[in-house]
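*Asks:* Provided below: final-v3.cif, containing mmCIF, C-alpha atoms and all ligand atoms.
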```
data_input
loop_
_atom_site.label_atom_id
_atom_site.label_comp_id
_atom_site.auth_asym_id
_atom_site.auth_seq_id
_atom_site.Cartn_x
_atom_site.Cartn_y
_atom_site.Cartn_z
CA MET A 1163 89.38 96.71 85.82
CA THR A 1164 89.18 99.05 82.79
CA THR A 1165 92.19 98.93 80.47
CA TYR A 1166 93.74 102.16 79.24
CA GLU A 1167 96.16 103.05 76.44
CA ASN A 1168 98.22 105.80 78.07
CA ILE A 1169 98.21 104.92 81.75
CA LEU A 1170 98.71 101.91 84.02
CA VAL A 1171 96.37 101.39 86.94
CA GLU A 1172 96.79 99.09 89.95
CA THR A 1173 96.19 98.74 93.68
CA PRO A 1174 99.71 97.76 94.85
CA VAL A 1175 98.95 98.20 98.55
CA PRO A 1176 95.59 97.59 100.29
CA GLY A 1177 93.54 100.80 100.29
CA VAL A 1178 95.81 102.58 97.78
CA GLY A 1179 95.09 103.20 94.09
CA LEU A 1180 98.06 103.88 91.80
CA VAL A 1181 97.76 105.66 88.45
CA ARG A 1182 100.94 105.75 86.36
CA LEU A 1183 101.30 107.99 83.29
CA ASN A 1184 102.70 105.75 80.57
CA ARG A 1185 103.58 107.62 77.38
CA PRO A 1186 107.38 107.23 77.58
CA GLN A 1187 108.03 108.10 73.92
CA ALA A 1188 106.82 111.67 74.66
CA LEU A 1189 108.06 111.99 78.28
CA ASN A 1190 104.40 111.63 79.36
CA ALA A 1191 103.38 114.81 77.51
CA LEU A 1192 99.75 115.40 78.41
CA ASN A 1193 97.56 115.09 75.34
CA GLY A 1194 93.77 114.98 75.53
CA ASP A 1195 93.56 111.17 75.57
CA LEU A 1196 96.13 110.80 78.37
CA THR A 1197 94.55 113.40 80.65
CA ARG A 1198 91.07 112.01 80.01
CA GLU A 1199 92.29 108.54 81.04
CA VAL A 1200 94.02 109.93 84.15
CA PHE A 1201 90.86 111.68 85.30
CA GLU A 1202 88.66 108.64 84.52
CA ALA A 1203 90.97 106.34 86.51
CA LEU A 1204 91.13 108.72 89.48
CA GLU A 1205 87.33 109.11 89.42
CA ALA A 1206 86.92 105.31 89.36
CA PHE A 1207 89.17 104.98 92.43
CA ASP A 1208 87.24 107.83 94.06
CA ARG A 1209 84.05 105.75 93.74
CA ASP A 1210 85.73 102.55 95.01
CA GLU A 1211 85.11 102.11 98.76
CA ALA A 1212 88.10 99.77 99.10
CA VAL A 1213 90.47 102.58 98.03
CA ARG A 1214 91.11 105.46 100.45
CA CYS A 1215 94.20 107.23 99.07
CA LEU A 1216 95.53 107.70 95.53
CA VAL A 1217 99.04 107.99 94.09
CA LEU A 1218 99.68 109.60 90.71
CA THR A 1219 103.09 109.00 89.18
CA GLY A 1220 105.00 108.96 85.88
CA SER A 1221 108.34 107.35 85.06
CA ASP A 1222 111.68 107.87 86.81
CA LYS A 1223 112.69 110.11 83.85
CA ALA A 1224 109.53 112.21 83.61
CA PHE A 1225 106.46 112.78 85.71
CA ALA A 1226 105.21 114.75 82.69
CA ALA A 1227 106.99 117.19 80.34
CA GLY A 1228 103.89 119.36 80.04
CA ALA A 1229 100.89 119.63 77.79
CA ASP A 1230 101.47 118.02 74.39
CA ILE A 1231 103.02 120.79 72.30
CA LYS A 1232 102.52 118.88 69.06
CA GLN A 1233 98.78 118.66 69.76
CA MET A 1234 98.62 122.31 70.90
CA ALA A 1235 100.49 123.51 67.79
CA ASP A 1236 97.37 122.75 65.71
CA THR A 1237 94.87 124.02 68.26
CA ASP A 1238 93.11 127.37 68.11
CA ALA A 1239 91.50 129.39 70.88
CA VAL A 1240 87.94 128.50 69.95
CA THR A 1241 88.72 124.77 70.01
CA LEU A 1242 90.34 125.19 73.44
CA PHE A 1243 87.39 127.25 74.66
CA ALA A 1244 84.98 124.54 73.51
CA GLY A 1245 87.03 122.00 75.50
CA GLN A 1246 87.49 119.76 72.47
CA ASP A 1247 91.27 119.14 72.56
CA PHE A 1248 92.12 119.25 76.24
CA THR A 1249 90.02 117.79 79.01
CA ASP A 1250 88.50 119.84 81.82
CA TRP A 1251 91.30 119.73 84.45
CA SER A 1252 88.93 120.78 87.23
CA ARG A 1253 87.92 117.08 87.30
CA LEU A 1254 91.18 116.47 89.18
CA ALA A 1255 90.34 119.12 91.79
CA ARG A 1256 86.96 117.45 92.36
CA ILE A 1257 88.46 114.11 93.52
CA HIS A 1258 87.47 113.64 97.19
CA LYS A 1259 90.22 111.24 98.29
CA PRO A 1260 93.75 112.53 98.94
CA ILE A 1261 96.10 112.26 95.96
CA ILE A 1262 99.87 112.03 96.37
CA ALA A 1263 101.95 112.97 93.32
CA ALA A 1264 105.10 110.82 93.18
CA VAL A 1265 107.34 112.95 90.98
CA SER A 1266 110.68 112.01 89.39
CA GLY A 1267 112.49 113.74 86.52
CA TRP A 1268 110.66 116.40 84.53
CA ALA A 1269 107.55 118.04 85.97
CA LEU A 1270 107.20 120.89 83.50
CA GLY A 1271 104.29 123.08 82.44
CA GLY A 1272 101.12 121.04 82.73
CA GLY A 1273 103.18 118.34 84.49
CA CYS A 1274 104.11 120.74 87.28
CA GLU A 1275 100.51 121.99 87.34
CA MET A 1276 99.12 118.45 87.58
CA ALA A 1277 101.48 117.66 90.49
CA MET A 1278 100.40 120.88 92.23
CA MET A 1279 96.72 119.91 91.86
CA CYS A 1280 97.47 116.84 93.99
CA ASP A 1281 97.38 117.13 97.80
CA LEU A 1282 100.94 116.09 98.65
CA ILE A 1283 104.10 115.69 96.57
CA VAL A 1284 106.79 113.08 97.19
CA ALA A 1285 109.74 113.68 94.87
CA SER A 1286 112.85 111.84 93.77
CA GLU A 1287 116.18 113.65 94.00
CA THR A 1288 116.09 114.05 90.18
CA ALA A 1289 112.76 115.88 90.08
CA LYS A 1290 112.75 119.23 88.25
CA PHE A 1291 109.77 121.56 88.50
CA GLY A 1292 109.21 124.39 86.03
CA GLN A 1293 106.76 126.45 84.02
CA PRO A 1294 108.48 126.83 80.61
CA GLU A 1295 105.39 127.95 78.65
CA ILE A 1296 106.94 131.38 78.02
CA THR A 1297 109.62 129.70 75.87
CA ILE A 1298 106.94 128.58 73.39
CA GLY A 1299 105.09 131.89 73.37
CA ILE A 1300 102.30 131.10 75.82
CA MET A 1301 101.78 131.02 79.59
CA PRO A 1302 100.69 128.46 82.20
CA GLY A 1303 97.05 127.58 81.61
CA ALA A 1304 96.23 124.93 84.21
CA GLY A 1305 96.87 126.80 87.44
CA GLY A 1306 100.63 127.46 87.22
CA THR A 1307 100.48 131.18 87.90
CA GLN A 1308 97.99 130.67 90.75
CA ARG A 1309 98.99 127.48 92.58
CA LEU A 1310 102.74 128.05 92.19
CA THR A 1311 102.43 131.57 93.59
CA ARG A 1312 100.46 130.28 96.58
CA ALA A 1313 103.02 127.50 97.12
CA VAL A 1314 106.37 129.30 96.70
CA GLY A 1315 105.47 132.99 96.89
CA LYS A 1316 105.23 135.74 94.29
CA ALA A 1317 108.93 136.46 93.73
CA LEU A 1318 109.96 132.92 92.88
CA ALA A 1319 106.77 132.09 90.95
CA MET A 1320 107.31 135.22 88.85
CA GLU A 1321 110.93 134.25 88.14
CA MET A 1322 109.95 130.68 87.21
CA CYS A 1323 107.11 131.71 84.88
CA LEU A 1324 108.99 134.62 83.28
CA THR A 1325 112.45 133.03 82.85
CA ASN A 1326 111.84 129.26 82.87
CA ARG A 1327 113.91 128.84 86.04
CA HIS A 1328 113.54 125.26 87.26
CA LEU A 1329 113.38 124.14 90.90
CA SER A 1330 115.36 121.11 91.99
CA ALA A 1331 113.63 118.62 94.29
CA GLU A 1332 115.50 119.96 97.30
CA GLU A 1333 114.64 123.59 96.42
CA ALA A 1334 111.00 122.59 95.94
CA ARG A 1335 111.01 120.98 99.39
CA HIS A 1336 112.68 124.04 100.89
CA TYR A 1337 110.01 126.36 99.44
CA GLY A 1338 107.12 124.12 100.55
CA LEU A 1339 106.04 122.78 97.16
CA VAL A 1340 107.21 119.24 97.99
CA ASN A 1341 106.65 117.22 101.18
CA GLN A 1342 109.48 114.69 101.02
CA VAL A 1343 112.50 113.90 98.81
CA TYR A 1344 114.04 110.43 98.35
CA PRO A 1345 116.56 108.72 96.05
CA VAL A 1346 115.12 107.74 92.69
CA ASP A 1347 115.02 104.04 93.58
CA SER A 1348 112.78 104.58 96.61
CA TYR A 1349 110.55 107.64 96.03
CA LEU A 1350 107.60 105.60 94.71
CA ASP A 1351 107.77 103.09 97.59
CA GLU A 1352 107.88 106.01 100.04
CA ALA A 1353 104.87 107.64 98.32
CA LEU A 1354 102.99 104.33 98.59
CA LYS A 1355 103.95 104.06 102.29
CA LEU A 1356 102.64 107.57 102.91
CA ALA A 1357 99.46 106.69 101.00
CA ALA A 1358 99.02 103.51 103.09
CA LYS A 1359 99.36 105.61 106.26
CA ILE A 1360 96.57 107.95 105.07
CA ALA A 1361 94.46 104.99 103.87
CA ALA A 1362 94.64 103.59 107.43
CA MET A 1363 93.04 106.75 108.86
CA PRO A 1364 89.24 107.14 109.26
CA ALA A 1365 88.04 107.97 105.74
CA VAL A 1366 85.28 110.44 106.56
CA ALA A 1367 87.64 112.56 108.66
CA VAL A 1368 90.27 112.34 105.89
CA ARG A 1369 87.79 113.74 103.38
CA MET A 1370 86.65 116.54 105.70
CA ILE A 1371 90.27 117.52 106.39
CA LYS A 1372 91.21 117.55 102.69
CA ASP A 1373 88.20 119.76 101.95
CA ALA A 1374 88.97 122.16 104.79
CA VAL A 1375 92.71 122.53 104.06
CA ASN A 1376 91.95 123.19 100.38
CA LYS A 1377 89.40 125.83 101.37
CA ALA A 1378 92.19 127.70 103.19
CA GLU A 1379 93.55 128.67 99.75
CA GLU A 1380 90.24 130.12 98.60
CA LEU A 1381 88.34 131.58 101.55
CA SER A 1382 89.00 134.44 103.93
CA LEU A 1383 90.14 133.36 107.42
CA SER A 1384 86.72 133.97 108.97
CA GLU A 1385 84.91 132.04 106.19
CA GLY A 1386 87.49 129.25 106.42
CA LEU A 1387 87.01 128.96 110.17
CA VAL A 1388 83.23 128.62 109.72
CA PHE A 1389 83.78 125.92 107.08
CA GLU A 1390 86.22 124.10 109.38
CA LYS A 1391 83.84 124.24 112.36
CA ARG A 1392 80.97 122.75 110.30
CA ASN A 1393 83.15 119.84 109.18
CA PHE A 1394 84.34 119.41 112.78
CA TYR A 1395 80.74 119.22 114.09
CA LEU A 1396 79.75 116.85 111.26
CA LEU A 1397 82.42 114.34 112.29
CA PHE A 1398 80.63 113.97 115.63
CA CYS A 1399 77.91 112.09 113.65
CA THR A 1400 80.32 109.35 112.56
CA GLU A 1401 80.76 105.85 113.96
CA ASP A 1402 84.52 106.42 113.73
CA LYS A 1403 84.30 109.37 116.17
CA THR A 1404 82.58 107.11 118.72
CA GLU A 1405 85.09 104.30 118.09
CA GLY A 1406 88.17 106.58 118.07
CA MET A 1407 87.36 108.20 121.41
CA ARG A 1408 86.22 104.91 123.01
CA ALA A 1409 89.45 103.20 121.87
CA PHE A 1410 91.51 106.03 123.39
CA VAL A 1411 89.73 105.67 126.74
CA GLU A 1412 90.04 101.86 126.65
CA LYS A 1413 93.74 102.12 125.70
CA ARG A 1414 93.42 99.99 122.53
CA PRO A 1415 93.90 100.70 118.80
CA PRO A 1416 90.74 101.91 117.04
CA GLU A 1417 88.96 99.73 114.47
CA TRP A 1418 87.77 102.15 111.80
CA LYS A 1419 84.58 101.47 109.88
CA HIS A 1420 85.16 104.50 107.61
CA ARG A 1421 81.59 105.54 108.37
N1 LIG B 1 104.86 117.85 74.09
C1 LIG B 1 105.05 116.99 73.10
N2 LIG B 1 106.14 116.21 72.98
C2 LIG B 1 107.09 116.34 73.92
C3 LIG B 1 106.96 117.22 75.01
C4 LIG B 1 105.78 118.01 75.08
N3 LIG B 1 105.55 118.84 76.09
N4 LIG B 1 108.07 117.13 75.78
C5 LIG B 1 108.85 116.19 75.20
N5 LIG B 1 108.27 115.71 74.09
C6 LIG B 1 108.77 114.70 73.17
C7 LIG B 1 109.87 115.27 72.28
O1 LIG B 1 109.31 115.93 71.16
C8 LIG B 1 110.61 114.00 71.90
O2 LIG B 1 109.89 113.34 70.90
P1 LIG B 1 110.63 112.83 69.54
O3 LIG B 1 111.62 111.80 70.04
O4 LIG B 1 109.52 112.28 68.71
O5 LIG B 1 111.32 114.03 68.97
C9 LIG B 1 110.52 113.15 73.16
O6 LIG B 1 109.42 113.68 73.91
C10 LIG B 1 111.77 113.24 74.03
O7 LIG B 1 112.01 114.63 74.30
P2 LIG B 1 113.44 115.33 74.07
O8 LIG B 1 114.19 114.64 72.98
O9 LIG B 1 113.21 116.79 73.93
O10 LIG B 1 114.13 114.97 75.48
P3 LIG B 1 115.31 115.79 76.21
O11 LIG B 1 115.73 114.91 77.33
O12 LIG B 1 116.31 116.26 75.24
O13 LIG B 1 114.58 117.12 76.80
C11 LIG B 1 112.82 118.30 77.96
C12 LIG B 1 113.62 116.99 77.83
C13 LIG B 1 113.73 119.41 78.50
C14 LIG B 1 111.69 118.03 78.94
C15 LIG B 1 112.26 118.73 76.58
O14 LIG B 1 111.60 117.60 76.00
C16 LIG B 1 111.29 119.86 76.63
O15 LIG B 1 111.68 120.99 76.75
N6 LIG B 1 109.96 119.57 76.52
C17 LIG B 1 108.93 120.58 76.49
C18 LIG B 1 108.67 121.17 77.87
C19 LIG B 1 107.62 122.26 77.82
O16 LIG B 1 107.78 123.28 77.20
N7 LIG B 1 106.47 122.01 78.52
C20 LIG B 1 105.40 122.96 78.61
C21 LIG B 1 104.33 122.64 77.61
S1 LIG B 1 103.06 123.89 77.55
C22 LIG B 1 102.00 123.56 78.83
O17 LIG B 1 102.22 122.64 79.62
C23 LIG B 1 100.79 124.46 78.91
C24 LIG B 1 99.99 124.36 80.15
O18 LIG B 1 100.17 125.12 81.08
C25 LIG B 1 98.90 123.37 80.30
#
```
What's the C-alpha cells form of this structure?
*Replies:*
Amino acid sequence: MTTYENILVETPVPGVGLVRLNRPQALNALNGDLTREVFEALEAFDRDEAVRCLVLTGSDKAFAAGADIKQMADTDAVTLFAGQDFTDWSRLARIHKPIIAAVSGWALGGGCEMAMMCDLIVASETAKFGQPEITIGIMPGAGGTQRLTRAVGKALAMEMCLTNRHLSAEEARHYGLVNQVYPVDSYLDEALKLAAKIAAMPAVAVRMIKDAVNKAEELSLSEGLVFEKRNFYLLFCTEDKTEGMRAFVEKRPPEWKHR
C-alpha cells in the first residue's frame, strides 16, 4: 500500500476503505499536498475491487478547519486559476463508490465543503459545520454556496456564509446535512458499520443508485427520471439481479458477485 505524509489509509473492515486526514498540528487544514493525497487514496480505493464503500475522517478534534490559510495568504488568482496551489476538487465528485464522511469537531470552510462532497455524513456530537470564509475576506470556493444551499435551504445557507454562523451536529442532522449523530467515542465505529452495510450490497446497483441520486441535484425532474430509468434497465443485465430475485423466490439470502 502507498505511504502518505498527511493521511493514514487502511481497510479496517472487509470491503471498506478508510482515509484519515492526519495533519493535527494545523487541525487538518487542507493544503495542496493533503488534498492531493486524499484524492489519490480515494481513487486507489475506487479502483480496488475488494473495496466497495469508503470512509473519510479526520481527528476527534477536527475533521478539517478549512483550506490552509497560510498557503492561501501567498496565493494569487492566476496561480489558483492555473490549479498550481490547490488540487482539482472535482476529483472527489468523480469517485464512483459511496463515501461516508465521519465528522467530529471542526468542519469549517473547505472542511465543511469536503464533507458535503461525500455521499453521507455521520457526525460526532461535537461536530461544528460552518463557512467562515467571509471572516478572512473571501467566500466559499469549493461548493459551499451551492451544496450547503441545496442541503439546508437558502435562508440558513445565506446566514451561515454571511455571518459565520456554525451548525451543531444536532442542528445539521435536523436540517438534513447529516445522516446520524453519535457520541465522540463511537461515531467512527458507527460510520464503519454503515459503510460495511453498504459494502455488503450488490456493488453495481450501489454505483447506479449513487449516480442517480446525485443527478437529482443537477437535472430537471423529467431528465432525472429518464436517467433513473436507464440505470434501472441496465441493472437487469447483471448477475446480481438474477441472483437477488432467485434468492427471494427461494427464500434464502443472496450471494452477490458484484457483477
Ligand atoms: N489554515 C491554516 N492553519 C490553520 C487553519 C487553517 N484553516 N485552521 C487552524 N490552523 C492552525 C492554526 O494556525 C494553529 O497553528 P499554530 O499553532 O501554528 O498557530 C493550529 O491550527 C491550531 O489552531 P488554533 O490555535 O486557531 O485552534 P483553536 O482551537 O483556538 O481554534 C478554529 C480553532 C476556530 C478552527 C480556528 O483555528 C480557526 O478559525 N481556523 C480557521 C477556520 C477558517 O477560517 N476556515 C476557512 C478557510 S478558507 C476556505 O476553506 C476556502 C474554501 O472554501 C476552500
*Asks:* Kindly provide, as a PyMOL selection string, the polymer residues lying within 12 Å of (101.9, 105.7, 95.4), counting only C-alpha atoms and using the coordinates exactly as they appear in the file.
*Replies:* chain A and resi 1171-1182+1214-1220+1260-1265+1282-1285+1348-1361
*Asks:* Between CA of Gly1228 in chain A and CA of Glu1205 in chain A, what is the spacing in Å?
*Replies:*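 These two atoms are separated by 21.6 Å.
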*Asks:* I'd like the neighbourhood of Ala1319 in chain A as a PyMOL selection string, where a residue qualifies if any of its atoms comes within 10 Å (using all atoms listed in the file), though same-chain residues fewer than 4 positions away should be ignored.
*Replies:* chain A and resi 1292-1293+1306-1315+1323-1327
*Asks:* Take the residues from that selection and put them in a file with C-alpha atoms, as a compact mmCIF listing (two decimals), keeping the file's coordinate frame.
*Replies:*
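Written output follows (out21.txt):
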```txt
# COMPACT_ATOMS: atom_id res chain seq x y z
CA GLY A 1292 109.21 124.39 86.03
CA GLN A 1293 106.76 126.45 84.02
CA GLY A 1306 100.63 127.46 87.22
CA THR A 1307 100.48 131.18 87.90
CA GLN A 1308 97.99 130.67 90.75
CA ARG A 1309 98.99 127.48 92.58
CA LEU A 1310 102.74 128.05 92.19
CA THR A 1311 102.43 131.57 93.59
CA ARG A 1312 100.46 130.28 96.58
CA ALA A 1313 103.02 127.50 97.12
CA VAL A 1314 106.37 129.30 96.70
CA GLY A 1315 105.47 132.99 96.89
CA CYS A 1323 107.11 131.71 84.88
CA LEU A 1324 108.99 134.62 83.28
CA THR A 1325 112.45 133.03 82.85
CA ASN A 1326 111.84 129.26 82.87
CA ARG A 1327 113.91 128.84 86.04
```
*Asks:* Which one of A:Phe1201, A:Phe1389, A:Trp1268, A:Phe1291 sits closest to ligand LIG 1 (chain B) if you count only C-alpha atoms and all ligand atoms?
*Replies:*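 Smallest distance to ligand LIG 1 (chain B) is found for A:Trp1268.
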*Asks:* Name the closest residue to ligand LIG 1 (chain B) among the candidates A:Asn1376, A:Asn1193, A:Thr1404, A:Thr1164; distances are taken between atoms, counting only C-alpha atoms and all ligand atoms.
*Replies:*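 Looking only at the distances to ligand LIG 1 (chain B), the closest residue turns out to be A:Asn1193.
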*Asks:* Enumerate as a ChimeraX atom specification the residues within 9 Å of ligand LIG 1 (chain B), counting only C-alpha atoms and all ligand atoms.
*Replies:* /A:1186-1193,1223-1224,1226-1234,1248,1267-1276,1292-1298,1300-1306
*Asks:* Quick one, how far is CA of Ala1367 in chain A from CA of Val1411 in chain A?
*Replies:*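 Between CA of Ala1367 in chain A and CA of Val1411 in chain A the gap works out to 19.5 Å.
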*Asks:* Can you tell me, as a VMD selection string, which residues sit within 8 Å of (91.7, 119.0, 78.1) in the file's frame, using all atoms listed in the file?
*Replies:* chain A and resid 1193 to 1194 1197 to 1198 1242 1245 to 1251
*Asks:* Take range 1370-1381 of chain A, bring it up to all heavy atoms, and give me the output as an mmCIF file, keeping the file's coordinate frame.
*Replies:*
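That gives us part28.cif:
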```
data_model
loop_
_atom_site.group_PDB
_atom_site.id
_atom_site.type_symbol
_atom_site.label_atom_id
_atom_site.label_comp_id
_atom_site.auth_asym_id
_atom_site.auth_seq_id
_atom_site.Cartn_x
_atom_site.Cartn_y
_atom_site.Cartn_z
ATOM 1 N N MET A 1370 86.986 115.221 105.126
ATOM 2 C CA MET A 1370 86.650 116.540 105.700
ATOM 3 C C MET A 1370 87.911 117.403 105.837
ATOM 4 O O MET A 1370 87.871 118.618 105.640
ATOM 5 C CB MET A 1370 86.026 116.367 107.088
ATOM 6 C CG MET A 1370 84.744 115.606 107.105
ATOM 7 S SD MET A 1370 83.367 116.659 106.637
ATOM 8 C CE MET A 1370 82.065 115.454 106.559
ATOM 9 N N ILE A 1371 89.020 116.769 106.226
ATOM 10 C CA ILE A 1371 90.270 117.520 106.390
ATOM 11 C C ILE A 1371 90.786 118.015 105.041
ATOM 12 O O ILE A 1371 91.171 119.177 104.890
ATOM 13 C CB ILE A 1371 91.334 116.658 107.116
ATOM 14 C CG1 ILE A 1371 90.922 116.449 108.581
ATOM 15 C CG2 ILE A 1371 92.722 117.299 107.021
ATOM 16 C CD1 ILE A 1371 91.733 115.395 109.316
ATOM 17 N N LYS A 1372 90.761 117.138 104.031
ATOM 18 C CA LYS A 1372 91.210 117.550 102.690
ATOM 19 C C LYS A 1372 90.391 118.758 102.217
ATOM 20 O O LYS A 1372 90.949 119.756 101.753
ATOM 21 C CB LYS A 1372 91.085 116.383 101.697
ATOM 22 C CG LYS A 1372 91.241 116.822 100.240
ATOM 23 C CD LYS A 1372 91.388 115.697 99.234
ATOM 24 C CE LYS A 1372 91.218 116.257 97.813
ATOM 25 N NZ LYS A 1372 91.811 115.491 96.751
ATOM 26 N N ASP A 1373 89.077 118.663 102.376
ATOM 27 C CA ASP A 1373 88.200 119.760 101.950
ATOM 28 C C ASP A 1373 88.561 121.062 102.680
ATOM 29 O O ASP A 1373 88.643 122.128 102.072
ATOM 30 C CB ASP A 1373 86.742 119.458 102.333
ATOM 31 C CG ASP A 1373 86.071 118.591 101.300
ATOM 32 O OD1 ASP A 1373 86.725 118.255 100.315
ATOM 33 O OD2 ASP A 1373 84.888 118.238 101.525
ATOM 34 N N ALA A 1374 88.763 120.952 103.988
ATOM 35 C CA ALA A 1374 88.970 122.160 104.790
ATOM 36 C C ALA A 1374 90.337 122.789 104.494
ATOM 37 O O ALA A 1374 90.454 124.016 104.379
ATOM 38 C CB ALA A 1374 88.845 121.831 106.281
ATOM 39 N N VAL A 1375 91.380 121.963 104.352
ATOM 40 C CA VAL A 1375 92.710 122.530 104.060
ATOM 41 C C VAL A 1375 92.673 123.217 102.684
ATOM 42 O O VAL A 1375 93.201 124.320 102.504
ATOM 43 C CB VAL A 1375 93.811 121.451 104.135
ATOM 44 C CG1 VAL A 1375 95.146 122.016 103.649
ATOM 45 C CG2 VAL A 1375 93.957 120.930 105.566
ATOM 46 N N ASN A 1376 92.027 122.572 101.702
ATOM 47 C CA ASN A 1376 91.950 123.190 100.380
ATOM 48 C C ASN A 1376 91.168 124.504 100.408
ATOM 49 O O ASN A 1376 91.486 125.446 99.669
ATOM 50 C CB ASN A 1376 91.332 122.225 99.359
ATOM 51 C CG ASN A 1376 92.365 121.225 98.869
ATOM 52 O OD1 ASN A 1376 93.558 121.534 98.829
ATOM 53 N ND2 ASN A 1376 91.928 120.043 98.516
ATOM 54 N N LYS A 1377 90.174 124.584 101.276
ATOM 55 C CA LYS A 1377 89.400 125.830 101.370
ATOM 56 C C LYS A 1377 90.264 126.984 101.880
ATOM 57 O O LYS A 1377 89.992 128.147 101.581
ATOM 58 C CB LYS A 1377 88.199 125.648 102.313
ATOM 59 C CG LYS A 1377 87.017 124.941 101.668
ATOM 60 C CD LYS A 1377 86.223 125.895 100.783
ATOM 61 C CE LYS A 1377 84.959 125.284 100.226
ATOM 62 N NZ LYS A 1377 85.154 124.377 99.097
ATOM 63 N N ALA A 1378 91.317 126.652 102.640
ATOM 64 C CA ALA A 1378 92.190 127.700 103.190
ATOM 65 C C ALA A 1378 92.819 128.534 102.069
ATOM 66 O O ALA A 1378 93.204 129.680 102.280
ATOM 67 C CB ALA A 1378 93.267 127.092 104.074
ATOM 68 N N GLU A 1379 92.949 127.927 100.863
ATOM 69 C CA GLU A 1379 93.550 128.670 99.750
ATOM 70 C C GLU A 1379 92.538 129.564 99.054
ATOM 71 O O GLU A 1379 92.905 130.379 98.225
ATOM 72 C CB GLU A 1379 94.130 127.684 98.735
ATOM 73 C CG GLU A 1379 95.198 126.805 99.345
ATOM 74 C CD GLU A 1379 96.271 126.430 98.357
ATOM 75 O OE1 GLU A 1379 95.915 125.927 97.281
ATOM 76 O OE2 GLU A 1379 97.457 126.654 98.666
ATOM 77 N N GLU A 1380 91.264 129.381 99.354
ATOM 78 C CA GLU A 1380 90.240 130.120 98.600
ATOM 79 C C GLU A 1380 89.426 131.086 99.435
ATOM 80 O O GLU A 1380 88.952 132.089 98.927
ATOM 81 C CB GLU A 1380 89.270 129.118 97.953
ATOM 82 C CG GLU A 1380 89.958 128.289 96.887
ATOM 83 C CD GLU A 1380 89.024 127.287 96.246
ATOM 84 O OE1 GLU A 1380 87.805 127.407 96.423
ATOM 85 O OE2 GLU A 1380 89.540 126.390 95.573
ATOM 86 N N LEU A 1381 89.251 130.774 100.725
ATOM 87 C CA LEU A 1381 88.340 131.580 101.550
ATOM 88 C C LEU A 1381 89.124 132.565 102.420
ATOM 89 O O LEU A 1381 90.315 132.396 102.669
ATOM 90 C CB LEU A 1381 87.530 130.649 102.461
ATOM 91 C CG LEU A 1381 86.653 129.595 101.769
ATOM 92 C CD1 LEU A 1381 85.927 128.749 102.804
ATOM 93 C CD2 LEU A 1381 85.647 130.246 100.836
#
```
